[in-house]
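Printed here is input_23.tsv (TSV, C-alpha atoms):
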```tsv
chain	number	residue	atom	x	y	z
Z	1	MET	CA	21.03	12.78	-11.45
Z	2	HIS	CA	18.26	10.93	-10.13
Z	3	CYS	CA	11.54	8.77	-9.18
Z	4	LYS	CA	6.92	6.39	-9.31
Z	5	MET	CA	3.18	5.00	-9.85
Z	6	SER	CA	-0.41	4.41	-8.66
Z	7	LEU	CA	-3.15	1.91	-8.89
Z	8	MET	CA	-6.77	2.70	-9.65
Z	9	GLU	CA	-8.27	-0.77	-9.35
Z	10	TYR	CA	-5.09	-2.38	-7.99
Z	11	PRO	CA	-5.57	-2.99	-4.26
Z	12	SER	CA	-1.86	-3.30	-3.45
Z	13	LEU	CA	-1.40	0.43	-3.75
Z	14	PRO	CA	-2.81	2.92	-1.28
Z	15	CYS	CA	-6.12	4.66	-1.66
Z	16	GLU	CA	-8.83	5.74	0.73
Z	17	ARG	CA	-10.38	2.29	0.99
Z	18	ASP	CA	-7.02	0.87	2.19
Z	19	ALA	CA	-6.94	2.96	5.36
Z	20	ILE	CA	-7.91	1.06	8.49
Z	21	LYS	CA	-10.67	3.17	9.97
Z	22	THR	CA	-12.74	3.30	13.10
Z	23	PRO	CA	-15.30	6.05	13.72
Z	24	GLY	CA	-13.38	9.30	13.92
Z	25	LEU	CA	-9.97	7.57	13.89
Z	26	LEU	CA	-7.37	6.66	11.28
Z	27	LEU	CA	-5.17	3.83	12.49
Z	28	PRO	CA	-1.61	3.15	11.30
Z	29	ARG	CA	-1.26	0.91	8.28
Z	30	SER	CA	1.60	-0.81	6.52
Z	31	PRO	CA	3.06	0.45	3.22
Z	32	PRO	CA	1.78	-1.39	0.14
Z	33	SER	CA	3.33	-4.58	-1.14
Z	34	LEU	CA	4.67	-4.62	-4.69
Z	35	PRO	CA	2.94	-7.44	-6.62
Z	36	PHE	CA	4.17	-6.16	-10.00
Z	37	MET	CA	6.70	-3.68	-11.24
Z	38	GLN	CA	5.45	-0.20	-10.42
Z	39	LEU	CA	5.96	2.69	-12.81
Z	40	GLY	CA	6.20	6.31	-11.85
Z	41	LEU	CA	7.81	9.69	-12.39
Z	42	ASP	CA	10.48	11.84	-10.80
Z	43	SER	CA	10.89	15.57	-11.34
Z	44	PHE	CA	13.60	18.04	-10.42
Z	45	VAL	CA	11.26	20.92	-11.35
Z	46	ALA	CA	13.75	22.36	-13.82
Z	47	VAL	CA	13.31	25.94	-15.05
Z	48	ARG	CA	15.70	25.80	-17.98
Z	49	PRO	CA	14.77	27.48	-21.28
Z	50	ASP	CA	12.78	25.55	-23.85
Z	51	PRO	CA	15.53	24.13	-26.11
Z	52	VAL	CA	13.60	25.13	-29.25
Z	53	THR	CA	12.09	28.53	-28.39
Z	54	GLY	CA	14.65	29.63	-25.79
Z	55	ILE	CA	11.83	30.84	-23.53
Z	56	SER	CA	12.01	29.97	-19.82
Z	57	PRO	CA	8.86	29.42	-17.77
Z	58	THR	CA	8.31	31.67	-14.80
Z	59	PRO	CA	8.71	29.92	-11.44
Z	60	VAL	CA	4.99	30.35	-10.79
Z	61	ASP	CA	4.05	28.80	-14.14
Z	62	ARG	CA	6.51	25.95	-13.72
Z	63	MET	CA	5.13	25.06	-10.30
Z	64	ARG	CA	1.56	25.23	-11.60
Z	65	ASP	CA	2.47	22.91	-14.46
Z	66	LEU	CA	4.24	20.51	-12.11
Z	67	LEU	CA	1.16	20.10	-9.93
Z	68	GLU	CA	-0.91	19.38	-13.03
Z	69	GLU	CA	1.66	16.72	-13.98
Z	70	VAL	CA	1.28	15.05	-10.57
Z	71	THR	CA	-2.51	15.21	-10.80
Z	72	THR	CA	-2.46	13.69	-14.27
Z	73	ALA	CA	-0.13	10.91	-13.14
Z	74	ASP	CA	-2.57	10.11	-10.34
Z	75	GLU	CA	-5.56	10.13	-12.67
Z	76	VAL	CA	-4.00	7.74	-15.22
Z	77	GLY	CA	-2.99	5.25	-12.53
Z	78	LEU	CA	0.75	5.69	-12.14
Z	79	ASP	CA	2.13	4.42	-8.86
Z	80	ALA	CA	4.44	7.14	-7.54
Z	81	PHE	CA	5.70	10.66	-8.08
Z	82	GLY	CA	9.04	11.83	-6.70
Z	83	ILE	CA	10.43	15.33	-6.24
Z	84	GLY	CA	14.18	15.82	-6.11
Z	85	GLU	CA	16.17	18.20	-3.93
Z	86	HIS	CA	18.59	20.73	-5.39
Z	87	HIS	CA	19.85	24.12	-4.31
Z	88	ARG	CA	20.65	25.65	-7.70
Z	89	HIS	CA	19.24	28.44	-9.84
Z	90	ASP	CA	17.89	26.06	-12.51
Z	91	PHE	CA	15.71	23.91	-10.20
Z	92	LEU	CA	12.72	24.76	-7.98
Z	93	ASP	CA	12.86	21.66	-5.76
Z	94	SER	CA	14.82	22.95	-2.75
Z	95	SER	CA	11.81	22.19	-0.52
Z	96	PRO	CA	10.38	18.91	-1.82
Z	97	THR	CA	8.04	18.18	1.08
Z	98	VAL	CA	6.21	21.48	0.54
Z	99	ILE	CA	5.66	20.55	-3.11
Z	100	LEU	CA	4.60	17.02	-2.18
Z	101	ALA	CA	2.14	18.34	0.40
Z	102	ALA	CA	0.54	20.52	-2.27
Z	103	ALA	CA	0.38	17.44	-4.51
Z	104	ALA	CA	-1.15	15.39	-1.69
Z	105	ALA	CA	-4.10	17.79	-1.51
Z	106	ARG	CA	-4.77	17.29	-5.23
Z	107	THR	CA	-4.35	13.51	-5.51
Z	108	LYS	CA	-5.94	10.37	-4.10
Z	109	GLN	CA	-3.82	7.29	-4.80
Z	110	ILE	CA	-0.31	8.02	-6.01
Z	111	ARG	CA	2.67	7.46	-3.69
Z	112	LEU	CA	4.52	10.72	-2.93
Z	113	THR	CA	8.25	10.52	-2.39
Z	114	SER	CA	11.52	12.38	-2.48
Z	115	ALA	CA	14.00	11.75	-5.27
Z	116	VAL	CA	16.25	12.10	-3.30
Z	117	THR	CA	16.32	13.75	0.13
Z	118	VAL	CA	19.92	14.94	0.55
Z	119	LEU	CA	20.20	13.45	4.02
Z	120	SER	CA	23.89	14.28	4.46
Z	121	ALA	CA	23.05	18.00	4.61
Z	122	ALA	CA	19.75	17.71	6.50
Z	123	ASP	CA	18.62	17.24	10.08
Z	124	PRO	CA	17.09	13.74	10.34
Z	125	VAL	CA	14.67	14.92	13.03
Z	126	ARG	CA	13.26	17.54	10.69
Z	127	VAL	CA	13.24	15.15	7.74
Z	128	PHE	CA	11.18	12.66	9.70
Z	129	GLN	CA	8.79	15.33	10.98
Z	130	ASP	CA	8.26	16.73	7.48
Z	131	PHE	CA	7.55	13.35	5.91
Z	132	ALA	CA	5.41	12.17	8.82
Z	133	THR	CA	3.33	15.33	8.34
Z	134	LEU	CA	3.14	14.61	4.61
Z	135	ASP	CA	2.01	11.08	5.45
Z	136	LEU	CA	-0.86	12.42	7.51
Z	137	ILE	CA	-1.90	14.92	4.84
Z	138	SER	CA	-1.78	12.23	2.13
Z	139	GLN	CA	-3.44	9.58	4.33
Z	140	GLY	CA	-0.50	7.20	4.21
Z	141	ARG	CA	1.17	7.80	0.83
Z	142	ALA	CA	4.52	9.33	1.82
Z	143	GLU	CA	7.94	7.78	1.24
Z	144	ILE	CA	11.53	8.94	1.65
Z	145	VAL	CA	14.38	8.16	-0.73
Z	146	ALA	CA	17.44	9.14	1.30
Z	147	GLY	CA	20.69	9.80	-0.54
Z	148	ARG	CA	23.77	11.94	-0.70
Z	149	GLY	CA	22.89	13.86	-3.85
Z	150	SER	CA	24.85	14.33	-7.06
Z	151	PHE	CA	25.59	18.04	-6.56
Z	152	THR	CA	27.61	19.61	-3.77
Z	153	GLU	CA	25.91	22.99	-3.19
Z	154	SER	CA	23.99	21.81	-0.14
Z	155	PHE	CA	27.13	21.09	1.89
Z	156	PRO	CA	28.47	24.67	2.24
Z	157	LEU	CA	24.92	26.03	2.20
Z	158	PHE	CA	24.07	24.16	5.40
Z	159	GLY	CA	27.49	24.40	7.01
Z	160	HIS	CA	28.90	20.94	6.26
Z	161	LYS	CA	32.29	19.86	4.95
Z	162	LEU	CA	32.38	17.96	1.68
Z	163	GLU	CA	35.14	15.71	3.02
Z	164	ASP	CA	32.56	14.38	5.52
Z	165	TYR	CA	30.38	13.27	2.60
Z	166	ASP	CA	30.18	9.61	3.60
Z	167	THR	CA	30.24	9.82	7.40
Z	168	LEU	CA	27.50	12.46	7.37
Z	169	PHE	CA	25.18	10.17	5.43
Z	170	THR	CA	25.98	7.03	7.44
Z	171	GLU	CA	25.44	8.76	10.75
Z	172	LYS	CA	22.27	10.59	9.75
Z	173	LEU	CA	20.71	7.52	8.20
Z	174	ASP	CA	21.30	5.72	11.50
Z	175	LEU	CA	19.50	8.49	13.36
Z	176	LEU	CA	16.63	8.61	10.86
Z	177	LEU	CA	16.04	4.87	11.28
Z	178	LYS	CA	16.11	5.20	15.07
Z	179	ILE	CA	13.50	7.96	14.92
Z	180	ARG	CA	11.34	5.82	12.65
Z	181	ALA	CA	11.49	2.96	15.14
Z	182	ASN	CA	11.08	4.95	18.37
Z	183	THR	CA	9.10	7.96	19.49
Z	184	LYS	CA	11.55	8.57	22.32
Z	185	VAL	CA	15.09	8.70	20.94
Z	186	THR	CA	18.48	8.36	22.59
Z	187	TRP	CA	21.35	8.82	20.16
Z	188	SER	CA	24.76	10.47	19.78
Z	189	GLY	CA	27.13	11.10	16.88
Z	190	ARG	CA	29.81	13.39	15.47
Z	191	HIS	CA	27.78	15.69	13.27
Z	192	ARG	CA	24.69	16.52	15.30
Z	193	PRO	CA	23.93	17.27	18.96
Z	194	ALA	CA	22.92	14.17	20.90
Z	195	LEU	CA	19.35	13.20	21.67
Z	196	THR	CA	18.80	12.10	25.26
Z	197	GLY	CA	15.30	10.72	25.26
Z	198	GLN	CA	13.47	13.52	23.45
Z	199	GLU	CA	10.24	12.53	21.73
Z	200	VAL	CA	9.81	13.12	18.00
Z	201	TYR	CA	6.35	14.01	16.69
Z	202	PRO	CA	4.18	13.70	14.70
Z	203	ARG	CA	4.16	10.00	13.97
Z	204	PRO	CA	3.08	8.92	10.47
Z	205	LEU	CA	-0.14	7.13	9.56
Z	206	GLN	CA	1.79	4.23	8.04
Z	207	SER	CA	2.98	1.78	10.66
Z	208	GLN	CA	6.51	2.20	9.26
Z	209	LEU	CA	7.31	5.14	7.04
Z	210	PRO	CA	9.02	3.70	3.93
Z	211	ILE	CA	12.68	4.74	3.65
Z	212	TRP	CA	14.54	3.81	0.47
Z	213	VAL	CA	18.28	4.35	-0.01
Z	214	GLY	CA	19.20	6.20	-3.19
Z	215	VAL	CA	22.51	5.06	-4.68
Z	216	GLY	CA	24.69	5.62	-7.73
Z	217	GLY	CA	27.44	3.11	-8.47
Z	218	THR	CA	29.39	2.58	-5.24
Z	219	PRO	CA	29.48	-1.08	-4.05
Z	220	LYS	CA	29.69	0.03	-0.41
Z	221	SER	CA	26.40	1.90	-0.74
Z	222	PHE	CA	24.64	-1.14	-2.20
Z	223	ALA	CA	25.98	-3.38	0.55
Z	224	ARG	CA	24.98	-0.94	3.29
Z	225	ALA	CA	21.40	-0.77	2.06
Z	226	GLY	CA	21.22	-4.57	1.91
Z	227	ALA	CA	22.65	-5.03	5.40
Z	228	LEU	CA	20.06	-2.59	6.76
Z	229	GLY	CA	17.23	-4.34	4.90
Z	230	LEU	CA	16.17	-1.11	3.22
Z	231	PRO	CA	14.70	-0.88	-0.30
Z	232	LEU	CA	17.15	0.37	-2.89
Z	233	MET	CA	16.64	3.13	-5.49
Z	234	VAL	CA	19.36	3.03	-8.15
Z	235	ALA	CA	20.02	6.05	-10.36
Z	236	ILE	CA	20.97	4.88	-13.86
Z	237	ILE	CA	21.44	7.87	-16.15
Z	238	GLY	CA	24.02	6.58	-18.60
Z	239	GLY	CA	25.86	3.54	-19.88
Z	240	GLU	CA	24.14	0.16	-19.97
Z	241	PRO	CA	21.69	-0.85	-17.21
Z	242	HIS	CA	22.66	-4.53	-17.29
Z	243	ARG	CA	26.09	-3.59	-15.95
Z	244	PHE	CA	24.43	-2.78	-12.61
Z	245	ARG	CA	23.49	-6.45	-12.10
Z	246	PRO	CA	26.61	-7.30	-10.02
Z	247	LEU	CA	25.92	-4.34	-7.72
Z	248	ILE	CA	22.27	-5.30	-7.30
Z	249	ASP	CA	23.27	-8.90	-6.62
Z	250	HIS	CA	25.74	-7.53	-4.06
Z	251	TYR	CA	22.85	-5.68	-2.38
Z	252	ARG	CA	20.66	-8.78	-2.29
Z	253	GLU	CA	23.47	-10.99	-1.00
Z	254	ALA	CA	24.30	-8.49	1.76
Z	255	GLY	CA	20.64	-8.41	2.75
Z	256	GLU	CA	20.35	-12.17	2.85
Z	257	ARG	CA	23.53	-12.47	4.95
Z	258	ALA	CA	22.00	-9.99	7.41
Z	259	GLY	CA	18.89	-12.17	7.69
Z	260	HIS	CA	16.46	-10.03	5.69
Z	261	THR	CA	13.80	-11.74	3.61
Z	262	PRO	CA	13.74	-11.22	-0.17
Z	263	GLU	CA	10.43	-9.35	0.22
Z	264	LYS	CA	12.23	-6.59	2.15
Z	265	LEU	CA	14.99	-6.23	-0.45
Z	266	LYS	CA	13.10	-4.21	-3.04
Z	267	VAL	CA	14.92	-2.63	-5.97
Z	268	GLY	CA	13.80	0.52	-7.75
Z	269	LEU	CA	15.35	2.40	-10.65
Z	270	HIS	CA	15.49	6.10	-11.45
Z	271	MET	CA	16.05	6.41	-15.21
Z	272	LEU	CA	15.71	9.02	-17.91
Z	273	GLY	CA	12.87	8.33	-20.30
Z	274	TYR	CA	10.08	9.70	-22.44
Z	275	VAL	CA	7.04	8.35	-24.31
Z	276	ALA	CA	5.50	9.76	-27.50
Z	277	ASP	CA	3.31	8.46	-30.31
Z	278	THR	CA	6.25	7.16	-32.38
Z	279	ASN	CA	9.87	6.27	-31.70
Z	280	GLN	CA	11.13	9.01	-34.00
Z	281	GLN	CA	8.91	11.65	-32.44
Z	282	ALA	CA	10.00	10.67	-28.93
Z	283	ALA	CA	13.70	10.88	-29.83
Z	284	ASP	CA	13.34	14.17	-31.71
Z	285	GLU	CA	11.39	15.80	-28.88
Z	286	PHE	CA	13.54	14.53	-26.01
Z	287	PHE	CA	17.00	15.05	-27.52
Z	288	PRO	CA	17.32	18.88	-27.63
Z	289	GLY	CA	16.61	19.43	-23.95
Z	290	TYR	CA	18.52	16.35	-22.87
Z	291	ALA	CA	21.57	17.45	-24.86
Z	292	ARG	CA	21.42	20.97	-23.50
Z	293	ALA	CA	21.09	19.87	-19.87
Z	294	PHE	CA	23.87	17.30	-19.95
Z	295	THR	CA	26.20	19.50	-21.95
Z	296	GLU	CA	25.79	22.21	-19.30
Z	297	ILE	CA	26.42	19.74	-16.48
Z	298	GLY	CA	29.33	18.36	-18.45
Z	299	ARG	CA	31.06	21.74	-18.40
Z	300	GLU	CA	31.10	21.50	-14.60
Z	301	ARG	CA	32.27	17.90	-14.50
Z	302	GLY	CA	34.58	17.59	-17.46
Z	303	TRP	CA	32.28	15.59	-19.75
Z	304	PRO	CA	32.31	16.12	-23.52
Z	305	PRO	CA	29.30	17.78	-25.19
Z	306	VAL	CA	26.36	15.49	-25.93
Z	307	THR	CA	25.98	14.49	-29.59
Z	308	ARG	CA	23.01	12.97	-31.40
Z	309	GLU	CA	25.13	9.90	-32.11
Z	310	HIS	CA	25.77	9.42	-28.40
Z	311	PHE	CA	22.09	9.97	-27.63
Z	312	ASP	CA	20.95	7.45	-30.26
Z	313	ALA	CA	23.33	4.85	-28.81
Z	314	LEU	CA	21.83	5.34	-25.35
Z	315	THR	CA	18.31	4.90	-26.72
Z	316	GLY	CA	19.34	1.59	-28.33
Z	317	PRO	CA	18.46	-1.87	-26.96
Z	318	THR	CA	21.06	-1.91	-24.16
Z	319	GLY	CA	21.39	1.82	-23.45
Z	320	ALA	CA	20.15	3.68	-20.39
Z	321	LEU	CA	17.66	6.02	-22.08
Z	322	ILE	CA	14.09	4.67	-22.31
Z	323	VAL	CA	12.75	6.78	-25.16
Z	324	GLY	CA	10.16	5.71	-27.72
Z	325	ASP	CA	6.53	4.84	-28.30
Z	326	ALA	CA	4.54	2.94	-25.68
Z	327	ASP	CA	5.31	-0.54	-27.02
Z	328	HIS	CA	9.02	0.19	-27.42
Z	329	VAL	CA	9.23	1.63	-23.91
Z	330	ALA	CA	7.36	-1.33	-22.41
Z	331	GLN	CA	9.62	-3.83	-24.15
Z	332	LYS	CA	12.76	-2.02	-23.02
Z	333	VAL	CA	11.54	-1.86	-19.43
Z	334	LYS	CA	10.82	-5.59	-19.53
Z	335	SER	CA	14.32	-6.20	-20.85
Z	336	ILE	CA	15.86	-4.16	-18.03
Z	337	ASP	CA	13.69	-5.98	-15.49
Z	338	LYS	CA	14.97	-9.33	-16.75
Z	339	ALA	CA	18.60	-8.22	-16.98
Z	340	LEU	CA	18.62	-7.00	-13.38
Z	341	GLY	CA	16.88	-10.00	-11.87
Z	342	GLY	CA	13.52	-8.39	-11.20
Z	343	ILE	CA	12.72	-4.76	-10.42
Z	344	ASP	CA	9.99	-3.51	-8.10
Z	345	ARG	CA	9.67	0.09	-9.30
Z	346	LEU	CA	10.93	2.20	-12.20
Z	347	ASN	CA	10.61	5.97	-12.10
Z	348	PHE	CA	10.94	7.95	-15.31
Z	349	GLN	CA	12.79	11.28	-15.19
Z	350	MET	CA	11.40	13.39	-18.05
Z	351	SER	CA	11.92	16.88	-16.65
Z	352	VAL	CA	15.62	16.92	-17.58
Z	353	ALA	CA	14.61	17.62	-21.20
Z	354	SER	CA	12.62	20.81	-20.40
Z	355	LEU	CA	9.79	19.65	-22.64
Z	356	PRO	CA	6.74	21.79	-23.36
Z	357	HIS	CA	4.04	21.18	-20.77
Z	358	SER	CA	1.62	19.73	-23.32
Z	359	GLU	CA	4.17	17.14	-24.45
Z	360	THR	CA	4.94	16.16	-20.86
Z	361	LEU	CA	1.26	15.66	-20.07
Z	362	HIS	CA	0.80	13.53	-23.19
Z	363	ALA	CA	3.79	11.40	-22.22
Z	364	ILE	CA	2.39	10.90	-18.71
Z	365	LYS	CA	-0.94	9.77	-20.15
Z	366	LEU	CA	0.78	7.29	-22.48
Z	367	LEU	CA	2.88	5.96	-19.62
Z	368	GLY	CA	-0.17	5.42	-17.43
Z	369	THR	CA	-2.66	4.14	-20.00
Z	370	GLN	CA	-0.46	2.17	-22.41
Z	371	VAL	CA	2.88	1.29	-20.78
Z	372	ALA	CA	1.84	0.57	-17.19
Z	373	PRO	CA	-0.88	-1.98	-18.10
Z	374	GLN	CA	1.67	-4.00	-20.09
Z	375	MET	CA	4.06	-4.02	-17.14
Z	376	ARG	CA	1.36	-5.10	-14.69
Z	377	ALA	CA	0.40	-7.95	-16.96
Z	378	THR	CA	3.94	-9.28	-17.45
Z	379	THR	CA	5.95	-8.47	-14.33
Z	380	ALA	CA	3.64	-9.83	-11.64
Z	381	LYS	CA	5.58	-11.16	-8.65
Z	382	PRO	CA	4.91	-14.73	-7.49
```
Write the structure described by the file as structure tokens, please.
Amino acid sequence: MHCKMSLMEYPSLPCERDAIKTPGLLLPRSPPSLPFMQLGLDSFVAVRPDPVTGISPTPVDRMRDLLEEVTTADEVGLDAFGIGEHHRHDFLDSSPTVILAAAAARTKQIRLTSAVTVLSAADPVRVFQDFATLDLISQGRAEIVAGRGSFTESFPLFGHKLEDYDTLFTEKLDLLLKIRANTKVTWSGRHRPALTGQEVYPRPLQSQLPIWVGVGGTPKSFARAGALGLPLMVAIIGGEPHRFRPLIDHYREAGERAGHTPEKLKVGLHMLGYVADTNQQAADEFFPGYARAFTEIGRERGWPPVTREHFDALTGPTGALIVGDADHVAQKVKSIDKALGGIDRLNFQMSVASLPHSETLHAIKLLGTQVAPQMRATTAKP
């Protein structure tokens, strides 16, 4: 499973004053640089029952709450908010760009991104058009994280064969990058009708729409992103984050061999996490929903049920869960940043735990007002 931040007074992140304007005209601009580690959120818009009460939110209520979460994240200065893409009964994120467009109308600064766009099962022309439109609505805050997804429902749903999993993504990423670079596109491949000079509109406000590559743990995927000079979003949902260092080094080395500057080779993380007033409170609130979600997924994938002992190990110093009070979370993020050789963005995934809305909003406020300032003070890039 597989997220972001904003700035307030930090000029490296986009807001209205960053747009290059002439009377009556918005001109293209470049995406923001990353002078410090950004923090943000990802959501899969889960509609699972509350693990304590057993009550499920209605889809209307869940979507209303989600938009309030994005608005709150923007208000407290987080840097990005990502919406996943799933085609299952327990998620409401099958159309992430529609959700992000609604969020764009309610926010001013926060970057709005997918987490991830399942590019293997999508039409790259339509993906580009949707995100270019989002970029115009948000005045230059849209980003794409393109990946292959961790579930398989989208392949039969959109008429694709699962055995084409890798070639579909490779081919469609190539087309998406060609569309980003050229209004008039000539291209051919195995899985989509050829383009013979057709023009793709609209074009985004940003001079180059940011496209990250979302990856899990496959060395080939890390190397491909590096060779293309694309920023990398790594999903770390279990185990020990420091074990990803060889893969991230592999990405950076592949990028350098291809002639890309270190500034282009950005690394982001999508990780499960939660912030509360105390470490004990955070663990006790996050565990029930986390255990329920991963036990259910485990039935599909052959994993054992989640235990509290397993959960507590993952929340320890080297584990992949970032759960605790603001100081504990900040220290763990700093440790992960150091272990992986410097991270540009870390997106927290809280929605997996199906927390009450009030607890989620409180966690977002703590992340923006207490954790993010510590990261900006200590992870500034030279």
For each of Z:Ile322, Z:Ala254, Z:Ala282, Z:Ala276, take the minimum atom-to-atom distance to Gln370 in chain Z, counting all atoms listed in the file, then give the residue where this is smallest.
-> Z:Ala276
Work out how far CA of Tyr274 in chain Z is from CA of Ala372 in chain Z, in Å to one decimal.
-> 13.4 Å
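Distance annotation: of Z:Leu157, Z:Leu168, Z:Leu205, Z:Ile364, the residue with the minimal separation from Gly140 in chain Z is Z:Leu205; atom set is only C-alpha atoms.
With CA of Glu85 in chain Z on one side and CA of Asp65 in chain Z on the other, the separation reads 17.9 Å.
Here CA of Glu75 in chain Z stands at a distance of 20.0 Å from CA of Val45 in chain Z.
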Among listed residues Z:Ala313, Z:Gly302, Z:Ile343, Z:Val98, nearest Glu263 in chain Z (using only C-alpha atoms) | Z:Ile343
Using all atoms listed in the file, what does the table of range 147-236 of chain Z residues within 8 Å of range 114-126 of chain Z look like, with each row giving the shortest atom pair and its distance in Å to one decimal, sorted by chain and ascending number, as a tab-separated table?
```
residue	atom	partner	partner_atom	distance
Z:Gly147	CA	Z:Val118	CA	5.3
Z:Arg148	CA	Z:Val118	CA	5.0
Z:Gly149	CA	Z:Val118	CA	5.4
Z:Ser154	CA	Z:Ala121	CA	6.2
Z:Phe155	CA	Z:Ala121	CA	5.8
Z:Phe158	CA	Z:Ala121	CA	6.3
Z:His160	CA	Z:Ala121	CA	6.8
Z:Tyr165	CA	Z:Ser120	CA	6.8
Z:Asp166	CA	Z:Ser120	CA	7.9
Z:Leu168	CA	Z:Ser120	CA	5.0
Z:Phe169	CA	Z:Ser120	CA	4.4
Z:Lys172	CA	Z:Pro124	CA	6.1
Z:Leu173	CA	Z:Leu119	CA	7.3
Z:Leu175	CA	Z:Pro124	CA	6.5
Z:Leu176	CA	Z:Pro124	CA	5.2
Z:Ile179	CA	Z:Val125	CA	7.3
Z:Val200	CA	Z:Val125	CA	7.2
Z:Gly214	CA	Z:Val116	CA	6.6
```
Can you fill out range 220-225 of chain Z with all heavy atoms and hand it back as a compact mmCIF listing (two decimals), in the frame of the given file?
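In the end it all went to part-v9.txt:
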```txt
# COMPACT_ATOMS: atom_id res chain seq x y z
N LYS Z 220 29.91 -0.11 -1.85
CA LYS Z 220 29.69 0.03 -0.41
C LYS Z 220 28.28 0.50 -0.11
O LYS Z 220 27.65 0.07 0.86
CB LYS Z 220 30.72 1.03 0.15
CG LYS Z 220 30.62 1.23 1.66
CD LYS Z 220 31.69 2.20 2.13
CE LYS Z 220 31.58 2.47 3.62
NZ LYS Z 220 32.61 3.46 4.07
N SER Z 221 27.75 1.40 -0.96
CA SER Z 221 26.40 1.90 -0.74
C SER Z 221 25.36 0.81 -0.95
O SER Z 221 24.37 0.72 -0.20
CB SER Z 221 26.12 3.08 -1.68
OG SER Z 221 27.00 4.15 -1.43
N PHE Z 222 25.56 -0.03 -1.95
CA PHE Z 222 24.64 -1.14 -2.20
C PHE Z 222 24.66 -2.12 -1.02
O PHE Z 222 23.61 -2.57 -0.55
CB PHE Z 222 25.02 -1.87 -3.49
CG PHE Z 222 24.63 -1.15 -4.75
CD1 PHE Z 222 25.35 -0.05 -5.20
CD2 PHE Z 222 23.53 -1.56 -5.48
CE1 PHE Z 222 25.00 0.62 -6.36
CE2 PHE Z 222 23.16 -0.90 -6.65
CZ PHE Z 222 23.90 0.19 -7.08
N ALA Z 223 25.85 -2.43 -0.56
CA ALA Z 223 25.98 -3.38 0.55
C ALA Z 223 25.36 -2.84 1.83
O ALA Z 223 24.71 -3.57 2.59
CB ALA Z 223 27.45 -3.72 0.77
N ARG Z 224 25.55 -1.55 2.08
CA ARG Z 224 24.98 -0.94 3.29
C ARG Z 224 23.46 -1.03 3.29
O ARG Z 224 22.85 -1.38 4.29
CB ARG Z 224 25.44 0.51 3.40
CG ARG Z 224 24.77 1.28 4.54
CD ARG Z 224 25.47 2.61 4.80
NE ARG Z 224 25.65 3.36 3.58
CZ ARG Z 224 26.63 4.25 3.39
NH1 ARG Z 224 27.52 4.46 4.34
NH2 ARG Z 224 26.72 4.92 2.26
N ALA Z 225 22.85 -0.70 2.15
CA ALA Z 225 21.40 -0.77 2.06
C ALA Z 225 20.91 -2.19 2.29
O ALA Z 225 19.90 -2.42 2.97
CB ALA Z 225 20.93 -0.25 0.71
```
